file input.txt (compact mmCIF, C-alpha atoms)
# COMPACT_ATOMS: atom_id res chain seq x y z
CA MET A 1 6.33 18.16 15.49
CA SER A 2 8.38 18.39 12.32
CA ASP A 3 7.92 20.93 9.55
CA LEU A 4 6.61 18.08 7.39
CA PHE A 5 3.68 17.50 9.77
CA THR A 6 3.00 21.24 9.92
CA LYS A 7 2.99 21.47 6.13
CA ALA A 8 0.63 18.50 5.77
CA GLY A 9 -1.72 19.82 8.45
CA LYS A 10 -1.91 23.25 6.81
CA LEU A 11 -2.70 21.72 3.41
CA LEU A 12 -5.57 19.72 4.93
CA SER A 13 -6.94 22.63 6.99
CA ASP A 14 -6.81 25.04 4.06
CA TRP A 15 -8.72 22.48 2.00
CA LYS A 16 -11.48 21.30 4.32
CA LYS A 17 -11.73 24.24 6.73
CA ASP A 18 -14.12 23.47 9.63
CA ASN A 19 -15.71 20.49 7.87
CA TYR A 20 -12.89 18.15 8.87
CA VAL A 21 -11.65 17.35 12.37
CA PHE A 22 -8.34 15.46 12.36
CA GLY A 23 -5.49 14.77 14.75
CA ARG A 24 -4.85 12.69 17.84
CA GLY A 25 -7.50 12.34 20.54
CA VAL A 26 -10.26 14.12 18.59
CA LEU A 27 -12.90 11.34 18.63
CA PRO A 28 -15.01 12.92 21.45
CA GLN A 29 -15.85 15.79 19.07
CA ILE A 30 -18.20 13.50 17.11
CA GLY A 31 -21.19 14.26 19.37
CA PRO A 32 -21.20 18.04 18.78
CA MET A 33 -20.58 17.44 15.06
CA ALA A 34 -23.66 15.22 14.82
CA ALA A 35 -25.81 17.53 16.92
CA ARG A 36 -25.50 20.22 14.23
CA TYR A 37 -27.66 18.03 11.98
CA GLY A 38 -30.37 16.84 14.37
CA LYS A 39 -31.33 14.55 17.22
CA THR A 40 -31.11 11.06 15.69
CA ALA A 41 -28.09 9.38 14.14
CA LEU A 42 -27.89 6.13 12.21
CA VAL A 43 -24.51 4.76 13.30
CA VAL A 44 -22.98 2.14 11.00
CA CYS A 45 -20.02 0.38 12.58
CA ASN A 46 -18.44 -2.99 13.31
CA THR A 47 -19.11 -3.70 17.00
CA THR A 48 -16.87 -6.76 17.26
CA TYR A 49 -13.32 -5.52 16.77
CA MET A 50 -14.27 -1.83 17.11
CA LYS A 51 -16.51 -2.12 20.18
CA ASP A 52 -14.52 0.34 22.30
CA LEU A 53 -14.58 2.87 19.47
CA ALA A 54 -18.31 2.39 18.92
CA ASP A 55 -18.94 2.81 22.64
CA GLY A 56 -16.92 6.02 22.63
CA VAL A 57 -18.93 7.41 19.73
CA CYS A 58 -22.23 6.50 21.40
CA ALA A 59 -21.14 8.16 24.64
CA SER A 60 -20.23 11.35 22.81
CA LEU A 61 -23.55 11.33 20.95
CA LYS A 62 -25.52 10.84 24.15
CA ALA A 63 -23.68 13.68 25.86
CA ALA A 64 -24.59 15.92 22.92
CA GLY A 65 -28.28 14.94 23.06
CA VAL A 66 -28.22 12.71 19.97
CA SER A 67 -29.90 9.28 20.11
CA LEU A 68 -29.31 6.19 18.00
CA ALA A 69 -31.84 5.84 15.19
CA GLY A 70 -33.49 2.47 15.68
CA GLY A 71 -31.93 2.16 19.13
CA SER A 72 -28.86 0.19 18.03
CA ILE A 73 -25.77 0.28 15.85
CA VAL A 74 -26.09 -0.99 12.27
CA PRO A 75 -23.52 -3.65 11.25
CA ASP A 76 -20.93 -2.29 8.86
CA ALA A 77 -20.18 -3.31 5.27
CA GLY A 78 -17.70 -6.05 4.49
CA PRO A 79 -14.32 -5.57 2.78
CA ASN A 80 -14.51 -3.84 -0.61
CA ALA A 81 -18.11 -2.70 -0.02
CA PRO A 82 -20.13 -5.63 -1.44
CA ARG A 83 -23.29 -4.48 -3.17
CA ALA A 84 -25.45 -6.63 -0.87
CA ASP A 85 -24.26 -4.59 2.12
CA VAL A 86 -25.16 -1.36 0.30
CA TYR A 87 -28.74 -2.58 -0.10
CA ARG A 88 -28.84 -3.75 3.55
CA ILE A 89 -27.70 -0.39 4.92
CA GLU A 90 -30.17 1.35 2.60
CA THR A 91 -33.05 -0.48 4.29
CA TYR A 92 -32.01 0.86 7.69
CA ILE A 93 -31.97 4.39 6.29
CA LEU A 94 -35.43 3.96 4.77
CA HIS A 95 -36.90 2.41 7.94
CA HIS A 96 -35.41 4.76 10.54
CA LYS A 97 -35.19 8.06 8.60
CA PRO A 98 -32.32 9.50 10.69
CA HIS A 99 -31.31 13.16 10.78
CA VAL A 100 -27.68 12.18 10.17
CA ILE A 101 -25.75 9.06 9.16
CA ILE A 102 -22.44 8.30 10.87
CA ALA A 103 -20.29 5.85 8.92
CA ILE A 104 -17.47 4.53 11.10
CA GLY A 105 -14.73 2.42 9.57
CA GLY A 106 -12.34 2.21 6.67
CA GLY A 107 -13.01 3.05 3.06
CA SER A 108 -15.27 0.06 2.44
CA ASN A 109 -17.86 0.98 5.06
CA ILE A 110 -17.78 4.67 4.19
CA ASP A 111 -18.15 3.90 0.47
CA ALA A 112 -21.09 1.59 1.18
CA CYS A 113 -22.82 4.24 3.31
CA LYS A 114 -22.35 6.87 0.61
CA ALA A 115 -24.04 4.58 -1.91
CA ALA A 116 -26.79 3.44 0.48
CA ASN A 117 -27.58 7.07 1.24
CA PHE A 118 -28.19 8.13 -2.35
CA LEU A 119 -30.07 4.91 -3.15
CA ALA A 120 -32.43 5.62 -0.26
CA ALA A 121 -33.01 9.14 -1.59
CA LEU A 122 -33.20 8.41 -5.31
CA GLY A 123 -34.01 4.72 -5.71
CA GLU A 124 -37.77 5.16 -5.89
CA GLU A 125 -37.78 7.91 -8.52
CA VAL A 126 -34.74 6.90 -10.59
CA SER A 127 -33.40 3.38 -10.00
CA PRO A 128 -32.90 1.17 -6.94
CA GLU A 129 -30.17 -0.82 -8.76
CA ILE A 130 -26.60 0.17 -7.92
CA ASP A 131 -25.45 -0.59 -11.48
CA HIS A 132 -27.34 2.45 -12.76
CA TRP A 133 -25.11 4.76 -10.73
CA PHE A 134 -21.64 3.63 -11.77
CA GLY A 135 -19.86 6.43 -13.61
CA THR A 136 -19.38 10.16 -13.15
CA GLY A 137 -21.89 12.80 -11.99
CA ILE A 138 -25.00 10.62 -12.20
CA VAL A 139 -26.05 11.22 -8.58
CA SER A 140 -25.74 15.00 -8.82
CA GLU A 141 -27.73 15.02 -12.04
CA ALA A 142 -30.52 13.01 -10.42
CA LEU A 143 -30.56 15.22 -7.33
CA ALA A 144 -30.92 18.29 -9.52
CA LYS A 145 -33.75 16.77 -11.55
CA THR A 146 -35.74 15.36 -8.63
CA GLY A 147 -35.11 18.07 -6.05
CA LYS A 148 -34.23 15.37 -3.53
CA LYS A 149 -31.59 15.89 -0.85
CA LEU A 150 -29.25 13.41 0.78
CA ILE A 151 -29.20 12.86 4.52
CA PRO A 152 -26.03 14.47 5.92
CA LEU A 153 -23.30 11.87 6.33
CA ILE A 154 -20.43 12.15 8.80
CA ALA A 155 -17.55 9.89 7.81
CA VAL A 156 -15.45 8.73 10.76
CA MET A 157 -12.29 7.18 9.34
CA THR A 158 -10.54 4.48 11.36
CA ALA A 159 -7.82 3.32 8.96
CA ALA A 160 -5.07 5.11 7.12
CA SER A 161 -6.32 4.06 3.73
CA SER A 162 -8.35 5.37 0.82
CA GLY A 163 -9.32 8.88 1.93
CA ALA A 164 -12.97 7.87 1.43
CA HIS A 165 -14.06 10.18 4.26
CA LEU A 166 -12.96 13.21 2.24
CA THR A 167 -13.78 12.37 -1.35
CA LYS A 168 -16.35 12.03 -4.12
CA TYR A 169 -15.62 8.35 -4.77
CA SER A 170 -17.53 5.21 -3.85
CA ASN A 171 -16.06 1.85 -4.89
CA ILE A 172 -18.62 -0.96 -4.85
CA THR A 173 -17.87 -4.65 -5.53
CA ASP A 174 -19.77 -7.46 -7.15
CA PRO A 175 -18.31 -10.44 -5.21
CA VAL A 176 -19.67 -12.96 -7.71
CA MET A 177 -17.75 -11.35 -10.58
CA GLY A 178 -14.84 -10.32 -8.36
CA GLN A 179 -14.95 -6.88 -9.98
CA LYS A 180 -14.99 -3.46 -8.36
CA LYS A 181 -16.73 -0.52 -10.04
CA LEU A 182 -16.65 3.16 -9.32
CA ILE A 183 -19.07 5.99 -8.59
CA VAL A 184 -17.54 9.46 -8.93
CA ASP A 185 -19.75 12.35 -7.84
CA GLU A 186 -19.34 15.63 -5.99
CA GLY A 187 -22.79 15.06 -4.56
CA ILE A 188 -21.62 12.20 -2.33
CA VAL A 189 -18.71 13.99 -0.62
CA PRO A 190 -19.41 13.68 3.14
CA PRO A 191 -20.29 17.18 4.42
CA SER A 192 -18.39 16.45 7.65
CA ALA A 193 -15.58 14.05 8.52
CA LEU A 194 -13.43 13.06 11.49
CA PHE A 195 -10.21 11.08 11.73
CA ASP A 196 -8.60 10.37 15.09
CA TYR A 197 -5.17 9.05 14.12
CA ASP A 198 -4.82 7.31 17.50
CA VAL A 199 -7.50 4.84 16.39
CA THR A 200 -5.22 3.44 13.70
CA ALA A 201 -2.98 1.88 16.37
CA SER A 202 -5.52 -0.94 16.59
CA GLN A 203 -5.30 -1.64 12.86
CA PRO A 204 -3.08 -4.48 11.61
CA VAL A 205 0.19 -3.39 10.03
CA PRO A 206 -0.64 -4.88 6.57
CA LEU A 207 -3.75 -2.66 6.41
CA THR A 208 -1.70 0.40 7.25
CA ILE A 209 0.91 -0.50 4.63
CA ASP A 210 -1.90 -0.97 2.10
CA GLY A 211 -3.03 2.57 2.91
CA ALA A 212 0.50 3.93 2.69
CA LEU A 213 0.85 2.56 -0.84
CA ASP A 214 -2.54 3.99 -1.73
CA SER A 215 -1.42 7.45 -0.61
CA ILE A 216 1.52 7.35 -3.04
CA ALA A 217 -0.71 5.98 -5.80
CA HIS A 218 -3.37 8.66 -5.33
CA CYS A 219 -0.87 11.49 -5.39
CA PHE A 220 1.45 10.25 -8.11
CA GLU A 221 -1.32 9.14 -10.46
CA VAL A 222 -3.14 12.46 -10.23
CA PHE A 223 0.11 14.44 -10.43
CA SER A 224 1.39 12.44 -13.42
CA GLY A 225 -1.99 12.62 -15.14
CA LEU A 226 -2.11 16.42 -15.16
CA PRO A 227 -2.69 17.74 -18.70
CA SER A 228 0.31 19.54 -20.16
CA ASP A 229 -1.74 22.75 -20.33
CA ALA A 230 -2.88 22.59 -16.69
CA PRO A 231 -2.66 25.94 -14.86
CA LYS A 232 0.59 26.49 -12.98
CA GLU A 233 -1.32 26.97 -9.72
CA ARG A 234 -2.81 23.49 -10.06
CA TYR A 235 0.56 21.94 -10.87
CA ASP A 236 2.21 23.68 -7.92
CA LEU A 237 -0.54 22.60 -5.49
CA LEU A 238 -0.34 18.98 -6.60
CA ALA A 239 3.46 19.10 -6.42
CA GLU A 240 3.19 20.30 -2.81
CA ILE A 241 0.59 17.68 -1.89
CA THR A 242 2.52 14.88 -3.59
CA SER A 243 5.90 15.75 -2.11
CA ALA A 244 4.46 15.93 1.42
CA ALA A 245 2.48 12.68 1.12
CA VAL A 246 5.30 10.71 -0.48
CA GLU A 247 7.90 11.87 2.03
CA LEU A 248 5.60 11.12 4.97
CA THR A 249 5.03 7.63 3.55
CA VAL A 250 8.61 6.82 2.58
CA GLN A 251 10.00 8.09 5.89
CA TYR A 252 7.42 6.62 8.26
CA ALA A 253 6.00 3.41 6.72
CA PRO A 254 9.18 1.45 7.63
CA ARG A 255 8.81 2.73 11.20
CA VAL A 256 5.27 1.34 11.42
CA MET A 257 6.66 -2.00 10.25
CA LYS A 258 9.22 -1.98 13.08
CA ASP A 259 6.88 -0.70 15.79
CA PRO A 260 3.10 -0.81 15.17
CA LYS A 261 2.60 1.37 18.28
CA ASP A 262 4.82 4.19 16.98
CA MET A 263 2.13 6.87 17.10
CA GLU A 264 4.16 9.53 15.34
CA ALA A 265 4.54 7.14 12.42
CA ARG A 266 0.84 6.23 12.58
CA GLN A 267 -0.08 9.91 12.42
CA ALA A 268 2.28 10.43 9.49
CA ILE A 269 0.66 7.67 7.44
CA GLY A 270 -2.80 8.96 8.36
CA MET A 271 -1.92 12.43 7.13
CA ALA A 272 -0.33 11.00 3.99
CA THR A 273 -3.51 9.12 3.11
CA ASP A 274 -5.57 12.24 3.79
CA LEU A 275 -3.36 14.13 1.34
CA GLY A 276 -3.99 11.32 -1.12
CA GLY A 277 -7.69 12.06 -0.71
CA TYR A 278 -6.98 15.72 -1.43
CA ALA A 279 -5.12 14.77 -4.61
CA ILE A 280 -7.97 12.72 -6.03
CA MET A 281 -10.37 15.60 -5.49
CA ILE A 282 -8.19 17.72 -7.77
CA GLY A 283 -7.71 15.20 -10.56
CA GLY A 284 -8.27 11.58 -11.49
CA THR A 285 -6.27 8.40 -11.04
CA HIS A 286 -5.56 6.18 -14.03
CA GLY A 287 -3.84 2.89 -14.95
CA PRO A 288 -2.81 1.42 -11.56
CA HIS A 289 -6.21 2.15 -10.04
CA MET A 290 -8.03 0.71 -13.04
CA THR A 291 -5.96 -2.48 -12.81
CA SER A 292 -6.56 -2.74 -9.06
CA PHE A 293 -10.32 -3.05 -9.59
CA SER A 294 -9.79 -6.48 -11.16
CA LEU A 295 -7.57 -7.68 -8.30
CA VAL A 296 -10.12 -7.07 -5.57
CA ASP A 297 -10.26 -10.76 -4.60
CA LEU A 298 -6.47 -11.15 -4.48
CA THR A 299 -5.09 -8.25 -2.44
CA GLY A 300 -5.84 -4.89 -0.86
CA HIS A 301 -6.63 -1.93 -3.09
CA GLY A 302 -3.60 0.15 -2.14
CA THR A 303 -1.26 -2.81 -2.45
CA ALA A 304 -2.55 -3.48 -5.96
CA CYS A 305 -2.06 0.16 -6.95
CA GLY A 306 1.40 0.30 -5.41
CA LEU A 307 2.40 -2.88 -7.19
CA MET A 308 1.36 -1.52 -10.59
CA ASN A 309 2.70 2.04 -10.31
CA PRO A 310 6.32 1.23 -11.27
CA TYR A 311 5.27 -0.55 -14.46
CA TYR A 312 2.93 2.19 -15.64
CA ALA A 313 5.59 4.78 -14.77
CA VAL A 314 8.01 3.20 -17.25
CA PHE A 315 5.37 3.30 -19.96
CA PHE A 316 4.49 6.95 -19.37
CA ALA A 317 7.98 8.19 -18.46
CA PRO A 318 8.65 10.30 -21.59
CA ALA A 319 5.49 12.33 -20.86
CA ILE A 320 5.96 12.78 -17.08
CA GLU A 321 9.65 13.51 -16.54
CA LYS A 322 9.01 16.48 -14.18
CA GLN A 323 6.70 14.45 -11.96
CA ILE A 324 9.09 11.49 -11.86
CA LEU A 325 11.99 13.74 -10.87
CA LEU A 326 10.04 15.27 -7.96
CA VAL A 327 9.02 11.92 -6.48
CA GLY A 328 12.21 10.19 -7.52
CA ASP A 329 14.34 12.68 -5.60
CA ILE A 330 12.46 11.76 -2.42
CA LEU A 331 13.11 8.06 -3.02
CA LYS A 332 16.76 8.86 -3.69
CA ASN A 333 17.08 10.90 -0.47
CA TYR A 334 15.90 7.87 1.52
CA GLY A 335 18.25 5.46 -0.23
CA TYR A 336 15.93 3.69 -2.67
CA ILE A 337 17.50 5.08 -5.87
CA SER A 338 21.25 5.23 -6.54
CA GLU A 339 21.27 6.78 -10.03
CA ASP A 340 21.65 10.49 -10.77
CA LEU A 341 18.10 11.07 -11.98
CA ALA A 342 18.85 14.52 -13.39
CA SER A 343 21.16 12.91 -15.96
CA LEU A 344 18.45 10.55 -17.24
CA LYS A 345 15.64 11.08 -19.74
CA GLY A 346 12.53 9.28 -20.96
CA ARG A 347 12.44 5.53 -20.59
CA GLU A 348 15.79 5.36 -18.75
CA LEU A 349 14.48 7.81 -16.16
CA GLY A 350 11.29 5.76 -15.83
CA MET A 351 13.25 2.54 -15.35
CA ALA A 352 15.40 4.02 -12.56
CA PHE A 353 12.29 5.45 -10.87
CA ALA A 354 10.45 2.14 -11.17
CA ARG A 355 13.34 0.29 -9.56
CA GLY A 356 13.20 2.78 -6.69
CA LEU A 357 9.47 2.24 -6.17
CA ILE A 358 9.99 -1.51 -6.23
CA ALA A 359 12.85 -1.25 -3.71
CA PHE A 360 10.58 0.72 -1.37
CA SER A 361 7.79 -1.86 -1.75
CA LYS A 362 10.19 -4.64 -0.87
CA ALA A 363 11.44 -2.69 2.14
CA ILE A 364 7.93 -2.64 3.59
CA LYS A 365 7.32 -6.26 2.56
CA ALA A 366 4.76 -5.40 -0.12
CA PRO A 367 4.55 -7.55 -3.28
CA ALA A 368 6.42 -6.26 -6.32
CA THR A 369 4.98 -8.61 -8.95
CA LEU A 370 1.51 -9.92 -9.73
CA LYS A 371 2.64 -13.53 -9.47
CA GLU A 372 3.50 -12.93 -5.81
CA LEU A 373 -0.19 -12.37 -5.01
CA PRO A 374 -1.88 -15.34 -3.34
CA ASN A 375 -4.02 -17.31 -5.83
CA TRP A 376 -2.71 -15.36 -8.83
CA ASN A 377 -3.17 -17.10 -12.15
CA ASP A 378 -2.88 -15.86 -15.72
CA SER A 379 -6.66 -15.76 -16.22
CA TYR A 380 -6.51 -12.42 -14.40
CA ILE A 381 -4.64 -10.92 -17.34
CA GLU A 382 -7.69 -11.18 -19.58
CA LYS A 383 -9.93 -10.03 -16.73
CA ILE A 384 -7.81 -6.87 -16.30
CA LEU A 385 -7.72 -6.10 -20.01
CA SER A 386 -11.45 -6.76 -20.46
CA ALA A 387 -12.32 -4.48 -17.56
CA ALA A 388 -10.17 -1.72 -19.06
CA LYS A 389 -12.43 -1.75 -22.11
CA ASP A 390 -15.59 -1.30 -20.01
CA PRO A 391 -17.17 2.09 -20.87
CA GLN A 392 -17.81 2.66 -17.15
CA LEU A 393 -14.03 2.75 -16.58
CA ASP A 394 -13.29 4.89 -19.63
CA MET A 395 -12.43 7.81 -17.32
CA LYS A 396 -9.30 5.94 -16.22
CA LEU A 397 -8.06 5.58 -19.81
CA LYS A 398 -8.70 9.27 -20.44
CA ASN A 399 -6.89 10.28 -17.25
CA MET A 400 -3.66 8.60 -18.34
CA PRO A 401 -0.67 10.88 -19.04
CA VAL A 402 -0.98 9.69 -22.63
CA PRO A 403 -4.64 8.68 -22.99
CA LEU A 404 -5.39 5.21 -24.29
CA THR A 405 -8.59 3.93 -25.84
CA ALA A 406 -10.34 0.59 -25.62
CA ALA A 407 -8.86 -0.21 -29.05
CA THR A 408 -5.27 0.25 -27.80
CA VAL A 409 -5.62 -1.51 -24.46
CA ASP A 410 -4.28 -4.87 -25.66
CA GLN A 411 -1.40 -3.27 -27.58
CA TYR A 412 -0.04 -1.18 -24.71
CA MET A 413 -1.61 -2.34 -21.45
CA GLY A 414 -1.07 -6.00 -22.28
CA PRO A 415 2.75 -5.72 -22.10
CA ILE A 416 2.49 -3.62 -18.90
CA ILE A 417 0.49 -6.35 -17.20
CA GLY A 418 2.88 -8.99 -18.53
CA ALA A 419 5.83 -7.05 -17.12
CA ALA A 420 4.09 -6.81 -13.74
CA VAL A 421 3.53 -10.56 -13.69
CA GLU A 422 7.20 -11.35 -14.21
CA GLY A 423 8.81 -8.25 -12.70
CA ASN A 424 10.54 -7.57 -16.00
CA LEU A 425 10.48 -3.87 -16.89
CA ASP A 426 12.01 -4.59 -20.31
CA LEU A 427 8.72 -6.11 -21.51
CA ILE A 428 6.96 -2.73 -21.39
CA LYS A 429 6.49 -1.10 -24.77
CA SER A 430 7.51 2.49 -25.32
CA LEU A 431 5.13 4.99 -26.82
CA ALA A 432 6.35 5.97 -30.27
call {"tool": "encode", "arguments": {"input": "input.txt", "output": "structure tokens"}}
result
Amino acid sequence: MSDLFTKAGKLLSDWKKDNYVFGRGVLPQIGPMAARYGKTALVVCNTTYMKDLADGVCASLKAAGVSLAGGSIVPDAGPNAPRADVYRIETYILHHKPHVIIAIGGGSNIDACKAANFLAALGEEVSPEIDHWFGTGIVSEALAKTGKKLIPLIAVMTAASSGAHLTKYSNITDPVMGQKKLIVDEGIVPPSALFDYDVTASQPVPLTIDGALDSIAHCFEVFSGLPSDAPKERYDLLAEITSAAVELTVQYAPRVMKDPKDMEARQAIGMATDLGGYAIMIGGTHGPHMTSFSLVDLTGHGTACGLMNPYYAVFFAPAIEKQILLVGDILKNYGYISEDLASLKGRELGMAFARGLIAFSKAIKAPATLKELPNWNDSYIEKILSAAKDPQLDMKLKNMPVPLTAATVDQYMGPIIGAAVEGNLDLIKSLA
């Protein structure tokens, strides 16, 4: 195993300690993990395309003396965690009152189970409507006021994707509006998690590539959004996380494209996405993630973030030269940038970096412009800009390297979105 894998593994172990089991062939450890919390487990999982995995989990639970709450597995949430699935899973929690919840799947199912869990605990005394909970810290505040406690949740990740099994985020979608909204709360971090990287071999390559792009987006957005007065220790940690995650992704994502059964490459992308989860627990994402919430019905979350990152990078370049140089050097080492980045400054540096990100996206057959997305039309421009002015997404504007406000969204974000439609970096305005 390379030094890069060792470095990534140490970062994750130092962060999560014994609360996270990760690696290859670790799935059978789920039974003993669950038994620490009690004798009944509500297992939420897709039993069609993940039947073998579900059977393996049930066997491990049985061997550890843990039974299925309700006697059967609960169907998982659909893509992007539709709110209706959150309410459905909540009813199972309320009816069966399990000792532990085991959410098995990608980010969508884990996010839905996080939300269903706190609704079951707090819905009666506070609000059963998911809309009440969008924003930051609302769940923790309600737990403190009511004295309620959440049922322990074990998140079993099956896809190299969002890092939902490790984080305080829950993205929930209103399919009618085609808009995703965000819950950010330390109170919903799963107390235990497991990720067997071997499981990702069954995932389609486009899903893995979506996760790979999300890992870069998580790390680079948080790293670039660091305040200028952030402590050196925080900067150094994020630099280490970002460099490891980006290099794992840039080196190994093309290998997954060539051979979906390349397990070393699968493990690399899994670790990269886990590091992305680590990054977003240190700081917040910003523009690309905010834009992705309005593209939920057009493409995968990570693909949307990866598509937008080059365009936002040009806009913010004068304020994030150090961060661009760190990530840009990795892209240059793997042949995606030809320019001497150290000789460039400001917007020129951002343009060279953006071209490198776009070249990498094209190499893994990811879209590089909004108009490449199936069913794209220009009505999405107004949808994106309107969503950016929503007070519930204000955290994303504040997290930007140069914070924007709802009043400046049209002036500065408008040209960024226009540039992403056409693939024309010259359309992006520079900050004065």
call {"tool": "atom_distance", "arguments": {"input": "input.txt", "atom1": "CA of Val409 (chain A)", "atom2": "CA of Tyr235 (chain A)"}}
result
27.8 Å
call {"tool": "residues_around", "arguments": {"input": "input.txt", "residues": "Leu119 (chain A)", "least_positions_apart": "3", "cutoff": "10 Å", "atoms": "all atoms listed in the file", "output": "JSON, numbers by chain"}}
result
{"A": [86, 87, 89, 90, 91, 93, 94, 113, 114, 115, 116, 122, 123, 124, 125, 126, 127, 128, 129, 130, 133, 139, 150]}
call {"tool": "closest_residue", "arguments": {"input": "input.txt", "among": "A:Ala217, A:Leu373, A:Thr158, A:Leu226", "to": "Pro204 (chain A)", "atoms": "all atoms listed in the file"}}
result
A:Thr158
call {"tool": "closest_residue", "arguments": {"input": "input.txt", "among": "A:Pro415, A:Ala245, A:Pro401, A:Trp15", "to": "Asp229 (chain A)", "atoms": "all atoms listed in the file"}}
result
A:Pro401
call {"tool": "closest_residue", "arguments": {"input": "input.txt", "among": "A:Leu143, A:Ile364, A:Ala120, A:Val26", "to": "Lys258 (chain A)", "atoms": "all atoms listed in the file"}}
result
A:Ile364
call {"tool": "closest_atom_pairs", "arguments": {"input": "input.txt", "of": "region 191-231 of chain A", "to": "region 309-319 of chain A", "cutoff": "10 Å", "atoms": "all atoms listed in the file", "output": "CSV"}}
result
residue,atom,partner,partner_atom,distance
A:Leu213,CA,A:Asn309,CA,9.7
A:Ile216,CA,A:Asn309,CA,9.1
A:Ala217,CA,A:Asn309,CA,6.9
A:Phe220,CA,A:Asn309,CA,8.6
A:Glu221,CA,A:Asn309,CA,8.2
A:Ser224,CA,A:Ala319,CA,8.5
A:Gly225,CA,A:Ala319,CA,9.4
A:Ser228,CA,A:Ala319,CA,8.9
call {"tool": "residues_near_point", "arguments": {"input": "input.txt", "point": "(-22.0, 13.2, -2.5)", "cutoff": "10 Å", "atoms": "only C-alpha atoms", "output": "ChimeraX atom specification"}}
result
/A:114-115,117-118,137,139-140,150,152-153,167-170,183-191
call {"tool": "atom_distance", "arguments": {"input": "input.txt", "atom1": "CA of Ala244 (chain A)", "atom2": "CA of Phe5 (chain A)"}}
result
8.5 Å
call {"tool": "residues_near_point", "arguments": {"input": "input.txt", "point": "(-9.1, 2.7, -24.7)", "cutoff": "9 Å", "atoms": "all atoms listed in the file", "output": "ChimeraX atom specification"}}
result
/A:388-391,394,397-398,403-409
call {"tool": "closest_residue", "arguments": {"input": "input.txt", "among": "A:Leu12, A:Leu53, A:Ile269, A:Val421", "to": "Glu240 (chain A)", "atoms": "only C-alpha atoms"}}
result
A:Leu12
